[in-house]
Structure formats: C-alpha cells, structure tokens
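target.cif (mmCIF, C-alpha atoms)
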```cif
data_work
loop_
_atom_site.group_PDB
_atom_site.id
_atom_site.type_symbol
_atom_site.label_atom_id
_atom_site.label_comp_id
_atom_site.auth_asym_id
_atom_site.auth_seq_id
_atom_site.Cartn_x
_atom_site.Cartn_y
_atom_site.Cartn_z
ATOM 1 C CA MET A 6 134.228 84.220 89.225
ATOM 2 C CA GLY A 7 131.797 82.921 86.597
ATOM 3 C CA LYS A 8 132.924 85.609 84.208
ATOM 4 C CA TYR A 9 136.538 84.523 84.719
ATOM 5 C CA ILE A 10 135.716 80.865 84.092
ATOM 6 C CA ASN A 11 133.922 81.735 80.850
ATOM 7 C CA LYS A 12 137.050 83.512 79.593
ATOM 8 C CA LYS A 13 139.118 80.462 80.419
ATOM 9 C CA LYS A 14 136.574 77.960 79.207
ATOM 10 C CA ILE A 15 138.223 74.818 77.883
ATOM 11 C CA ASP A 16 136.702 72.903 74.992
ATOM 12 C CA ASN A 17 136.410 69.209 75.896
ATOM 13 C CA SER A 18 137.209 68.224 72.304
ATOM 14 C CA THR A 19 140.514 70.108 72.581
ATOM 15 C CA ILE A 20 141.418 68.185 75.742
ATOM 16 C CA LEU A 21 140.491 64.855 74.145
ATOM 17 C CA SER A 22 142.474 65.709 71.032
ATOM 18 C CA TRP A 23 145.540 66.571 73.128
ATOM 19 C CA MET A 24 145.180 63.361 75.155
ATOM 20 C CA PHE A 25 144.910 61.294 71.982
ATOM 21 C CA ARG A 26 148.054 62.910 70.537
ATOM 22 C CA GLN A 27 149.973 62.206 73.738
ATOM 23 C CA TYR A 28 148.767 58.603 73.808
ATOM 24 C CA THR A 29 149.683 58.130 70.130
ATOM 25 C CA LYS A 30 153.137 59.592 70.725
ATOM 26 C CA TYR A 31 153.677 57.326 73.739
ATOM 27 C CA ARG A 32 152.449 54.222 71.929
ATOM 28 C CA TYR A 33 154.521 55.108 68.862
ATOM 29 C CA LYS A 34 157.675 55.133 70.991
ATOM 30 C CA THR A 35 156.870 51.944 72.876
ATOM 31 C CA ILE A 36 156.216 49.700 69.864
ATOM 32 C CA PRO A 37 159.113 47.190 69.701
ATOM 33 C CA ASP A 38 161.595 47.897 66.919
ATOM 34 C CA LYS A 39 160.896 44.716 64.979
ATOM 35 C CA GLU A 40 157.124 45.239 65.036
ATOM 36 C CA PHE A 41 157.560 48.882 64.016
ATOM 37 C CA VAL A 42 159.769 47.928 61.058
ATOM 38 C CA GLU A 43 157.322 45.217 59.955
ATOM 39 C CA MET A 44 154.441 47.689 60.035
ATOM 40 C CA ALA A 45 156.345 50.358 58.111
ATOM 41 C CA TYR A 46 157.479 47.867 55.464
ATOM 42 C CA LYS A 47 154.001 46.443 54.946
ATOM 43 C CA ARG A 48 152.451 49.896 54.768
ATOM 44 C CA GLN A 49 154.935 50.920 52.066
ATOM 45 C CA PHE A 50 155.094 47.759 49.947
ATOM 46 C CA ASN A 51 151.788 46.066 50.813
ATOM 47 C CA LYS A 52 153.436 42.768 51.721
ATOM 48 C CA ASN A 53 155.015 41.112 54.744
ATOM 49 C CA LEU A 54 158.709 41.373 55.381
ATOM 50 C CA ASP A 55 160.444 37.993 55.086
ATOM 51 C CA TRP A 56 162.828 37.912 58.054
ATOM 52 C CA GLN A 57 164.033 34.382 57.333
ATOM 53 C CA ASN A 58 164.897 34.910 53.682
ATOM 54 C CA PRO A 59 165.210 38.611 52.842
ATOM 55 C CA VAL A 60 165.868 39.084 49.136
ATOM 56 C CA SER A 61 165.352 42.658 47.960
ATOM 57 C CA TYR A 62 167.508 45.646 48.816
ATOM 58 C CA GLN A 63 164.725 47.080 50.976
ATOM 59 C CA GLU A 64 164.165 43.806 52.871
ATOM 60 C CA LYS A 65 167.846 43.416 53.625
ATOM 61 C CA LEU A 66 168.158 46.972 54.932
ATOM 62 C CA GLN A 67 165.248 46.314 57.312
ATOM 63 C CA TRP A 68 166.921 43.053 58.412
ATOM 64 C CA LEU A 69 170.150 44.931 59.096
ATOM 65 C CA LYS A 70 168.288 47.587 61.130
ATOM 66 C CA ILE A 71 167.220 44.951 63.635
ATOM 67 C CA ASN A 72 169.863 42.249 63.461
ATOM 68 C CA HIS A 73 173.240 43.889 62.904
ATOM 69 C CA ARG A 74 174.091 46.832 65.126
ATOM 70 C CA LEU A 75 177.625 48.097 65.705
ATOM 71 C CA ASP A 76 178.788 50.849 68.049
ATOM 72 C CA LEU A 77 180.745 52.293 65.126
ATOM 73 C CA GLN A 78 177.445 53.044 63.391
ATOM 74 C CA THR A 79 176.561 55.567 66.084
ATOM 75 C CA GLN A 80 179.869 57.358 65.578
ATOM 76 C CA CYS A 81 179.509 57.367 61.801
ATOM 77 C CA ALA A 82 175.905 58.631 61.903
ATOM 78 C CA ASP A 83 176.939 61.514 64.175
ATOM 79 C CA LYS A 84 177.969 64.386 61.882
ATOM 80 C CA VAL A 85 180.454 65.617 64.483
ATOM 81 C CA ALA A 86 181.926 62.328 65.708
ATOM 82 C CA VAL A 87 182.258 60.889 62.191
ATOM 83 C CA ARG A 88 184.972 63.437 61.498
ATOM 84 C CA ASP A 89 187.343 61.534 63.770
ATOM 85 C CA TYR A 90 186.575 58.331 61.849
ATOM 86 C CA VAL A 91 187.220 60.055 58.508
ATOM 87 C CA LYS A 92 190.408 61.659 59.796
ATOM 88 C CA GLU A 93 191.697 58.284 60.990
ATOM 89 C CA LYS A 94 190.734 56.344 57.853
ATOM 90 C CA ILE A 95 191.468 58.714 54.963
ATOM 91 C CA GLY A 96 192.824 61.981 56.415
ATOM 92 C CA GLU A 97 191.443 65.312 57.560
ATOM 93 C CA GLN A 98 192.163 66.981 54.194
ATOM 94 C CA TYR A 99 188.810 65.586 53.025
ATOM 95 C CA LEU A 100 186.787 67.276 55.772
ATOM 96 C CA ILE A 101 184.642 70.351 55.156
ATOM 97 C CA PRO A 102 185.681 73.158 57.561
ATOM 98 C CA GLN A 103 183.339 73.017 60.548
ATOM 99 C CA PRO A 104 184.165 76.072 62.653
ATOM 100 C CA MET A 105 181.463 75.847 65.348
ATOM 101 C CA VAL A 106 179.544 73.198 67.297
ATOM 102 C CA PHE A 107 176.869 74.245 69.809
ATOM 103 C CA ASP A 108 174.825 72.479 72.462
ATOM 104 C CA SER A 109 172.160 75.186 72.648
ATOM 105 C CA VAL A 110 170.292 77.551 70.331
ATOM 106 C CA LYS A 111 171.304 80.370 72.678
ATOM 107 C CA GLU A 112 174.650 80.282 70.908
ATOM 108 C CA LEU A 113 173.080 81.099 67.545
ATOM 109 C CA VAL A 114 174.099 84.754 67.800
ATOM 110 C CA PRO A 115 174.479 86.286 64.332
ATOM 111 C CA ASP A 116 177.292 88.683 65.301
ATOM 112 C CA GLU A 117 179.363 85.698 66.402
ATOM 113 C CA LEU A 118 178.689 83.590 63.301
ATOM 114 C CA PRO A 119 180.853 83.583 60.149
ATOM 115 C CA ASN A 120 180.605 86.388 57.603
ATOM 116 C CA VAL A 121 180.949 83.917 54.729
ATOM 117 C CA PRO A 122 178.196 81.558 53.478
ATOM 118 C CA PHE A 123 177.591 78.647 55.822
ATOM 119 C CA ILE A 124 175.097 75.932 56.639
ATOM 120 C CA ILE A 125 173.416 75.287 59.982
ATOM 121 C CA LYS A 126 172.486 71.680 60.680
ATOM 122 C CA CYS A 127 172.219 69.127 63.439
ATOM 123 C CA ASN A 128 174.513 66.190 64.004
ATOM 124 C CA HIS A 129 171.824 63.702 64.993
ATOM 125 C CA ASN A 130 169.214 63.704 62.237
ATOM 126 C CA SER A 131 168.648 63.996 58.503
ATOM 127 C CA ALA A 132 167.495 66.889 56.318
ATOM 128 C CA GLY A 133 167.034 69.537 59.059
ATOM 129 C CA TYR A 134 169.284 72.371 57.920
ATOM 130 C CA THR A 135 169.379 76.028 56.888
ATOM 131 C CA ILE A 136 171.621 77.468 54.175
ATOM 132 C CA VAL A 137 172.874 80.953 55.051
ATOM 133 C CA ARG A 138 174.340 83.002 52.221
ATOM 134 C CA ASP A 139 173.745 86.326 53.964
ATOM 135 C CA LYS A 140 173.194 86.189 57.713
ATOM 136 C CA THR A 141 171.610 89.674 57.756
ATOM 137 C CA LYS A 142 168.646 88.277 55.802
ATOM 138 C CA ILE A 143 167.867 85.446 58.227
ATOM 139 C CA ASN A 144 165.077 85.561 60.809
ATOM 140 C CA TRP A 145 167.159 84.370 63.731
ATOM 141 C CA LYS A 146 164.214 84.138 66.098
ATOM 142 C CA ASN A 147 162.622 81.586 63.767
ATOM 143 C CA GLU A 148 165.909 79.745 63.353
ATOM 144 C CA ARG A 149 166.392 79.411 67.108
ATOM 145 C CA LYS A 150 162.860 78.065 67.433
ATOM 146 C CA LYS A 151 163.399 75.627 64.555
ATOM 147 C CA PHE A 152 166.669 74.245 65.913
ATOM 148 C CA ASP A 153 165.408 74.158 69.482
ATOM 149 C CA ASN A 154 162.696 71.765 68.271
ATOM 150 C CA LEU A 155 165.227 69.726 66.293
ATOM 151 C CA LEU A 156 167.503 69.358 69.310
ATOM 152 C CA LYS A 157 164.607 67.802 71.239
ATOM 153 C CA GLN A 158 163.990 65.127 68.609
ATOM 154 C CA ASN A 159 165.393 61.621 68.684
ATOM 155 C CA TYR A 160 165.558 60.627 65.026
ATOM 156 C CA TYR A 161 165.668 56.941 65.948
ATOM 157 C CA TYR A 162 161.952 56.906 66.768
ATOM 158 C CA GLN A 163 160.973 57.990 63.259
ATOM 159 C CA SER A 164 162.317 54.878 61.542
ATOM 160 C CA ARG A 165 164.061 52.745 64.205
ATOM 161 C CA GLU A 166 167.469 53.294 62.668
ATOM 162 C CA TRP A 167 169.336 52.321 65.799
ATOM 163 C CA GLN A 168 172.505 54.282 65.023
ATOM 164 C CA TYR A 169 170.711 57.560 65.780
ATOM 165 C CA LYS A 170 169.379 56.552 69.192
ATOM 166 C CA ASN A 171 172.334 57.494 71.388
ATOM 167 C CA ILE A 172 173.701 60.537 69.586
ATOM 168 C CA ALA A 173 173.924 63.604 71.849
ATOM 169 C CA PRO A 174 172.212 66.381 69.812
ATOM 170 C CA LYS A 175 174.303 69.344 68.720
ATOM 171 C CA ILE A 176 174.109 72.232 66.257
ATOM 172 C CA ILE A 177 176.820 72.530 63.619
ATOM 173 C CA ILE A 178 177.982 75.597 61.716
ATOM 174 C CA GLU A 179 179.804 74.385 58.605
ATOM 175 C CA GLU A 180 181.306 76.220 55.661
ATOM 176 C CA LEU A 181 178.970 76.217 52.657
ATOM 177 C CA LEU A 182 180.609 74.720 49.591
ATOM 178 C CA LEU A 183 179.800 76.568 46.358
ATOM 179 C CA ASP A 184 180.865 75.821 42.788
ATOM 180 C CA GLU A 185 182.038 78.269 40.120
ATOM 181 C CA GLN A 186 178.413 79.237 39.371
ATOM 182 C CA ASN A 187 177.722 79.859 43.059
ATOM 183 C CA ASN A 188 175.544 76.732 43.252
ATOM 184 C CA ILE A 189 175.663 73.925 45.787
ATOM 185 C CA PRO A 190 178.131 71.457 44.214
ATOM 186 C CA LEU A 191 177.151 68.027 42.950
ATOM 187 C CA ASP A 192 176.796 65.342 45.596
ATOM 188 C CA TYR A 193 178.261 61.953 44.649
ATOM 189 C CA LYS A 194 176.780 59.128 46.700
ATOM 190 C CA PHE A 195 178.546 55.766 46.441
ATOM 191 C CA TYR A 196 176.420 52.696 47.179
ATOM 192 C CA CYS A 197 178.834 50.227 48.780
ATOM 193 C CA TYR A 198 178.006 46.539 49.223
ATOM 194 C CA ASN A 199 180.216 44.693 51.703
ATOM 195 C CA GLY A 200 182.882 47.333 51.175
ATOM 196 C CA GLU A 201 182.625 47.410 47.379
ATOM 197 C CA PRO A 202 181.173 50.469 45.592
ATOM 198 C CA LYS A 203 178.952 49.418 42.701
ATOM 199 C CA ASN A 204 176.761 52.363 41.713
ATOM 200 C CA ILE A 205 176.826 56.132 42.094
ATOM 201 C CA HIS A 206 173.838 58.320 42.853
ATOM 202 C CA VAL A 207 174.462 61.910 41.746
ATOM 203 C CA SER A 208 172.293 64.464 43.506
ATOM 204 C CA ILE A 209 171.632 67.763 41.720
ATOM 205 C CA LYS A 210 169.507 70.585 43.096
ATOM 206 C CA ARG A 211 168.669 73.285 40.603
ATOM 207 C CA ASP A 212 165.862 75.863 40.559
ATOM 208 C CA GLY A 213 164.049 74.156 43.418
ATOM 209 C CA VAL A 214 164.104 70.724 41.745
ATOM 210 C CA HIS A 215 166.031 67.744 43.135
ATOM 211 C CA TYR A 216 167.343 65.423 40.411
ATOM 212 C CA VAL A 217 168.877 62.005 41.038
ATOM 213 C CA ILE A 218 170.935 60.392 38.270
ATOM 214 C CA PHE A 219 172.694 57.024 38.559
ATOM 215 C CA TYR A 220 175.998 55.937 37.046
ATOM 216 C CA ASP A 221 178.131 52.842 37.179
ATOM 217 C CA LEU A 222 181.776 53.049 38.223
ATOM 218 C CA ASP A 223 182.883 53.576 34.608
ATOM 219 C CA TRP A 224 180.650 56.645 34.457
ATOM 220 C CA ASN A 225 177.998 55.126 32.236
ATOM 221 C CA LYS A 226 174.481 56.353 32.998
ATOM 222 C CA ILE A 227 172.260 53.491 34.153
ATOM 223 C CA PRO A 228 168.432 53.322 33.931
ATOM 224 C CA LEU A 229 167.906 53.405 37.679
ATOM 225 C CA LYS A 230 165.345 55.742 39.230
ATOM 226 C CA TYR A 231 165.068 56.489 42.932
ATOM 227 C CA TYR A 232 161.527 56.947 44.258
ATOM 228 C CA ASP A 233 159.885 59.889 42.466
ATOM 229 C CA TYR A 234 162.973 62.051 41.962
ATOM 230 C CA PRO A 235 163.343 63.071 38.295
ATOM 231 C CA ASN A 236 166.373 61.479 36.659
ATOM 232 C CA ASP A 237 166.565 63.501 33.452
ATOM 233 C CA GLY A 238 166.950 67.229 33.725
ATOM 234 C CA GLY A 239 168.896 67.494 30.495
ATOM 235 C CA PHE A 240 172.164 67.478 32.437
ATOM 236 C CA GLU A 241 175.375 66.233 30.894
ATOM 237 C CA ILE A 242 177.537 65.584 33.898
ATOM 238 C CA GLU A 243 181.214 65.319 33.153
ATOM 239 C CA ARG A 244 183.092 62.427 34.659
ATOM 240 C CA PRO A 245 184.729 63.819 37.830
ATOM 241 C CA ARG A 246 188.480 64.051 37.453
ATOM 242 C CA ARG A 247 189.041 62.337 40.767
ATOM 243 C CA LEU A 248 186.305 59.713 40.382
ATOM 244 C CA LYS A 249 188.656 56.789 41.000
ATOM 245 C CA GLU A 250 189.966 58.404 44.158
ATOM 246 C CA MET A 251 186.435 58.887 45.487
ATOM 247 C CA GLU A 252 185.737 55.215 44.765
ATOM 248 C CA GLU A 253 188.847 54.180 46.716
ATOM 249 C CA LEU A 254 187.920 56.437 49.639
ATOM 250 C CA ALA A 255 184.383 55.037 49.706
ATOM 251 C CA THR A 256 185.825 51.517 49.833
ATOM 252 C CA VAL A 257 187.885 52.360 52.917
ATOM 253 C CA LEU A 258 185.057 54.135 54.745
ATOM 254 C CA SER A 259 182.403 51.475 54.006
ATOM 255 C CA SER A 260 184.328 48.275 54.703
ATOM 256 C CA HIS A 261 182.904 47.809 58.216
ATOM 257 C CA TYR A 262 179.282 47.154 57.226
ATOM 258 C CA PRO A 263 177.273 45.082 54.665
ATOM 259 C CA PHE A 264 175.722 48.167 53.070
ATOM 260 C CA VAL A 265 176.836 51.770 53.388
ATOM 261 C CA ARG A 266 176.248 54.831 51.254
ATOM 262 C CA VAL A 267 179.246 57.158 51.362
ATOM 263 C CA ASP A 268 178.782 60.703 50.062
ATOM 264 C CA PHE A 269 181.363 63.108 48.662
ATOM 265 C CA TYR A 270 181.424 66.522 47.048
ATOM 266 C CA HIS A 271 183.803 66.949 44.113
ATOM 267 C CA ASN A 272 184.173 70.714 43.966
ATOM 268 C CA LYS A 273 186.773 72.814 42.145
ATOM 269 C CA ASN A 274 188.847 69.644 41.740
ATOM 270 C CA GLU A 275 188.801 69.011 45.496
ATOM 271 C CA ILE A 276 187.099 66.114 47.288
ATOM 272 C CA PHE A 277 185.131 66.670 50.480
ATOM 273 C CA PHE A 278 183.465 64.012 52.603
ATOM 274 C CA GLY A 279 179.705 64.477 52.999
ATOM 275 C CA GLU A 280 178.245 61.774 55.210
ATOM 276 C CA ILE A 281 177.801 58.058 55.836
ATOM 277 C CA THR A 282 174.285 56.631 55.572
ATOM 278 C CA TYR A 283 173.246 53.077 56.442
ATOM 279 C CA HIS A 284 169.594 53.090 55.351
ATOM 280 C CA PRO A 285 168.918 55.672 52.617
ATOM 281 C CA GLY A 286 165.272 56.686 52.797
ATOM 282 C CA SER A 287 165.096 54.339 55.797
ATOM 283 C CA GLY A 288 165.278 51.514 53.263
ATOM 284 C CA LEU A 289 161.615 52.095 52.463
ATOM 285 C CA LEU A 290 161.769 53.894 49.135
ATOM 286 C CA PRO A 291 161.529 51.901 45.876
ATOM 287 C CA TYR A 292 163.896 51.905 42.951
ATOM 288 C CA SER A 293 162.806 51.266 39.407
ATOM 289 C CA PRO A 294 162.886 49.252 37.254
ATOM 290 C CA LYS A 295 161.936 46.662 39.872
ATOM 291 C CA GLU A 296 164.787 44.395 38.835
ATOM 292 C CA TYR A 297 167.210 46.742 40.552
ATOM 293 C CA ASN A 298 165.597 46.134 43.938
ATOM 294 C CA LYS A 299 166.523 42.460 43.542
ATOM 295 C CA LEU A 300 169.964 43.123 42.026
ATOM 296 C CA MET A 301 170.952 45.530 44.796
ATOM 297 C CA GLY A 302 169.682 43.032 47.339
ATOM 298 C CA ASP A 303 171.846 40.310 45.782
ATOM 299 C CA TRP A 304 174.885 42.529 46.299
ATOM 300 C CA ILE A 305 174.299 42.685 50.091
ATOM 301 C CA ASN A 306 175.773 39.583 51.709
ATOM 302 C CA LEU A 307 174.213 38.739 55.074
ATOM 303 C CA GLU A 308 176.055 35.463 55.590
ATOM 304 C CA ASN A 309 177.989 34.993 58.837
ATOM 305 C CA LEU A 310 176.376 38.013 60.534
#
```
Take the structure I supplied and represent it as structure tokens, if you would.
Amino acid sequence: MGKYINKKKIDNSTILSWMFRQYTKYRYKTIPDKEFVEMAYKRQFNKNLDWQNPVSYQEKLQWLKINHRLDLQTQCADKVAVRDYVKEKIGEQYLIPQPMVFDSVKELVPDELPNVPFIIKCNHNSAGYTIVRDKTKINWKNERKKFDNLLKQNYYYQSREWQYKNIAPKIIIEELLLDEQNNIPLDYKFYCYNGEPKNIHVSIKRDGVHYVIFYDLDWNKIPLKYYDYPNDGGFEIERPRRLKEMEELATVLSSHYPFVRVDFYHNKNEIFFGEITYHPGSGLLPYSPKEYNKLMGDWINLENL
C-alpha cells in the first residue's frame, strides 16, 4: 500500500497552484463588467476611464461596451448568423461560400471536407482559425483538440464585449479566398462612425508579417499607425475598382450603431463581406499620432443614447 501511495504521491505545491488557477478563473469571471473594463483601460493607458465625459476613441468604445447594447450586435458578431443580416441588407452575392457548419469537432473528418483550399474557424470568437490549402498535410488530431478547446471558450469573458456572450459556439468551414498570386487577398476594413465611413484600414499579410496601412475615402494614404503593426512594407496598393461600392455597402451595414468596423475582401474584381466588429482590439490598442485617438473619438456621437 505504501509503495502504491509513493507512486501516486501528490506535490502540495501542485495542488495549491491548481487551486489558485481555479480561484483566479472564477474571480476573473465574476468581476462586474464595468469594473473589469475600468481595470483593463487603466492597465493599458495608465489613467482612469472618464465615464461621464469620454473623449478619445478608446474611451468611447469602452463606454459603448457597457452602456449601449443591442440584440442585433449578437447576430452581427456571430459569423454564421451575420450572413442573414448581410443577405437582408445588401444581398447574398457578397457572401463567401460557407459550405459546412458543425456543432462538434467529431465532424471534422478530412474525407468529408472540401478538396479545395478552405479555412476552419469558429463563429463566436476572434483570431482562432486554421488555413487549409492541402488537407492531407494537416494533423487532424491536433485540429480537433484545438477547436474542441475553442468551442468551450466564451469570448465575452476576455474583454467583456457583450455581443459575444450569448453566441452558441459552432465550427465553420469556409472557402478560402486567394488572389492571382495565390495569396490571401487584401482585407479592407471600413471604420464607420454613426453610419458614415471615414477611414480605411488595409490589412496585408505577407511572408509572416502583418502590415496595416490607412487610407481616406479618396484613397490618399494617411499617417495613421495601429498599435505596433508596421505601416510601410513598400507596398503600392492600387485603388480598388469597386472602392465606392464597398463604401456604400459599409454605410448600409454600419448604420445601426455609433461605431462599427465593416470588413470586405476585394478579390479578382469581386467584393466579399468579411465581418462586422464593434470594438477592434477590444478598444484597448492605441493609434498614433496621438491626435488620431481624439479625432476618431470626436467622430463617435454618443448623444441621445
């Protein structure tokens, strides 16, 4: 018996460490939303959030997180449900083909998945995805483990973005868009203020580097930098042929909320809807020069909310 116990001996420090992690996780989830947002804002910017008179872009996004919540936000944040909203508002011709939606990782069976490049992602979070160009080169055991963990997460608790709280988690298999050079196409993100697009964030991923370049609506490059993403990779991005149409579509899709970022792909002269985001970077990432934080805040009108 003693020999058996020695084999199964449990280190007290391991137990205490596990208990502390569980307590931290529980406390993390039970902190009221407003207190959580205040703490996150102060930790990032080293100053208190002014709830009574928010001025900057970041302050106003935090104010909106707590004070202006619409049921429509949950639909638009859900990468499956938002398709109905897009179809109703601008038409299904702008939707990327999405052939499969699963509730369980058990359905990630390679023989039953497309033979063309596709992307696996979840409908209820941000950034958790896998690009599949050749499904025979994917470790499907690892993918099932990865997405099983993602399905168990509630993204709301990471930043208190309320729109994610009540989304039923699902796995999406979506066609992978590729340009003429077999690269992921450019992502055009329209920053819309009370239903009016004012600046465009172009996302470029090349050779493992993520570039972010900003333009105004006349396709003039503006000296705006987002967080620590490089904004000069030597790219000369041609004005998209259907830029004006994307602007008009963004206006329609964003009109329901004081600030919305609406993303599109302009690929092979076609426009595809990407996603709707209410708090890019959870509203906690800085823009430079600093004057833009104030200017973008001025464009968000919180009156009569």
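For segment 41-49 of chain A, the residues within 10 Å (counting only C-alpha atoms, excluding itself and residues fewer than 3 positions away along the chain) are A:Tyr33, A:Lys34, A:Thr35, A:Ile36, A:Pro37, A:Asp38, A:Lys52, A:Asn53, A:Leu54, A:Asp55, A:Trp56, A:Gln63, A:Glu64, A:Gln67, A:Trp68, A:Lys70, A:Ile71, A:Tyr162, A:Gln163, A:Ser164, A:Arg165, A:Glu166, A:Ser287, A:Gly288, A:Leu289, A:Leu290, A:Pro291.
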- Give me the result of the PyMOL selection byres ((chain A and resi 76) around 12) on this file, residue by residue, as a ChimeraX atom specification. /A:73-75,77-83,167-172,261-262
- Task: Step by step, work through what the PyMOL selection byres ((chain A and resi 125) around 6) selects in the shown file, and finish by giving those residues as a VMD selection string.
- Result: chain A and resid 124 126 134 to 135 177 to 178
- Run through the PyMOL selection byres ((chain A and resi 190-198) around 6) on the given coordinates and return the selected residues as a PyMOL selection string. chain A and resi 183-184+188-189+199-202+204-209+263-270+304-305
- In Å, rounded to a single decimal, give me how far atom CA of Phe107 of chain A is from atom CA of Asp139 of chain A. 20.2 Å
- Interatomic distance between atom CA of Ile143 of chain A and atom CA of Pro119 of chain A? 13.3 Å
- Message: Given only C-alpha atoms as the basis, pick out the residue of A:Val106, A:Leu248, A:Leu258, A:Val114 nearest to Leu222 of chain A.
- Response: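 Ranked by minimum distance to Leu222 of chain A, first place goes to A:Leu248.
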- Message: When you look at Gly96 of chain A with a cut-off of 12 Å (counting only C-alpha atoms), what residues show up, excluding the ones that are within fewer than 5 positions of it in the same chain? I need them as an MDAnalysis selection string.
- Response: chainID A and resid 88:91 101 254 257:258 276:278
Per-axis box centre and lengths in Å around segment 77-96 of chain A, 3 Å margin per side, axis-aligned, as lines of an AutoDock Vina configuration file:
```
center_x = 184.4
center_y = 59.0
center_z = 60.5
size_x = 22.9
size_y = 19.3
size_z = 17.1
```
Around the point (168.6, 49.8, 46.7) (coordinates from the file), which residues reach within 9 Å if we count all atoms listed in the file? Answer as an mmCIF file with C-alpha atoms, keeping the file's coordinate frame.
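Contents of out-v3.cif, freshly written:
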```
data_model
loop_
_atom_site.group_PDB
_atom_site.id
_atom_site.type_symbol
_atom_site.label_atom_id
_atom_site.label_comp_id
_atom_site.auth_asym_id
_atom_site.auth_seq_id
_atom_site.Cartn_x
_atom_site.Cartn_y
_atom_site.Cartn_z
ATOM 1 C CA SER A 61 165.352 42.658 47.960
ATOM 2 C CA TYR A 62 167.508 45.646 48.816
ATOM 3 C CA GLN A 63 164.725 47.080 50.976
ATOM 4 C CA LEU A 66 168.158 46.972 54.932
ATOM 5 C CA TYR A 196 176.420 52.696 47.179
ATOM 6 C CA TYR A 231 165.068 56.489 42.932
ATOM 7 C CA PRO A 285 168.918 55.672 52.617
ATOM 8 C CA GLY A 288 165.278 51.514 53.263
ATOM 9 C CA LEU A 290 161.769 53.894 49.135
ATOM 10 C CA PRO A 291 161.529 51.901 45.876
ATOM 11 C CA TYR A 292 163.896 51.905 42.951
ATOM 12 C CA TYR A 297 167.210 46.742 40.552
ATOM 13 C CA ASN A 298 165.597 46.134 43.938
ATOM 14 C CA LYS A 299 166.523 42.460 43.542
ATOM 15 C CA LEU A 300 169.964 43.123 42.026
ATOM 16 C CA MET A 301 170.952 45.530 44.796
ATOM 17 C CA GLY A 302 169.682 43.032 47.339
#
```
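You will find atom CA of His129 of chain A at 17.2 Å from atom CA of Glu148 of chain A.
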- Query: Quick one: residues within 12 Å of Asp116 of chain A, only C-alpha atoms counted, chain neighbours fewer than 6 positions away excluded, as a list in words?
  - Reply: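 Those residues are Lys140, Thr141 and Trp145 of chain A.
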- Message: With distances taken over all atoms listed in the file, which residue among A:Arg138, A:Gln158, A:Ile176, A:Arg149 lies nearest Met105 of chain A?
- Response: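 Checking each of A:Arg138, A:Gln158, A:Ile176, A:Arg149 against Met105 of chain A, counting all atoms listed in the file, the winner is A:Ile176.
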- Using only C-alpha atoms, which of the listed residues (A:Ser259, A:Ile281, A:Lys203, A:Asn236) sits closest to Asn128 of chain A?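 Distance minimum relative to Asn128 of chain A lands on A:Ile281.
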- Closest to Tyr232 of chain A among A:Pro174, A:Lys295, A:Ala255, A:Lys146, using only C-alpha atoms?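 Checking each candidate against Tyr232 of chain A, we get A:Lys295 as the closest.
Taking all atoms listed in the file into account, Tyr161 of chain A lies nearest to A:Asn130 out of the set A:Asn130, A:Gly286, A:Glu280, A:Glu250.
When all atoms listed in the file are used to compute distances to Lys151 of chain A, the closest of the residues A:Arg244, A:Asn309, A:Ser109, A:Glu117 turns out to be A:Ser109.
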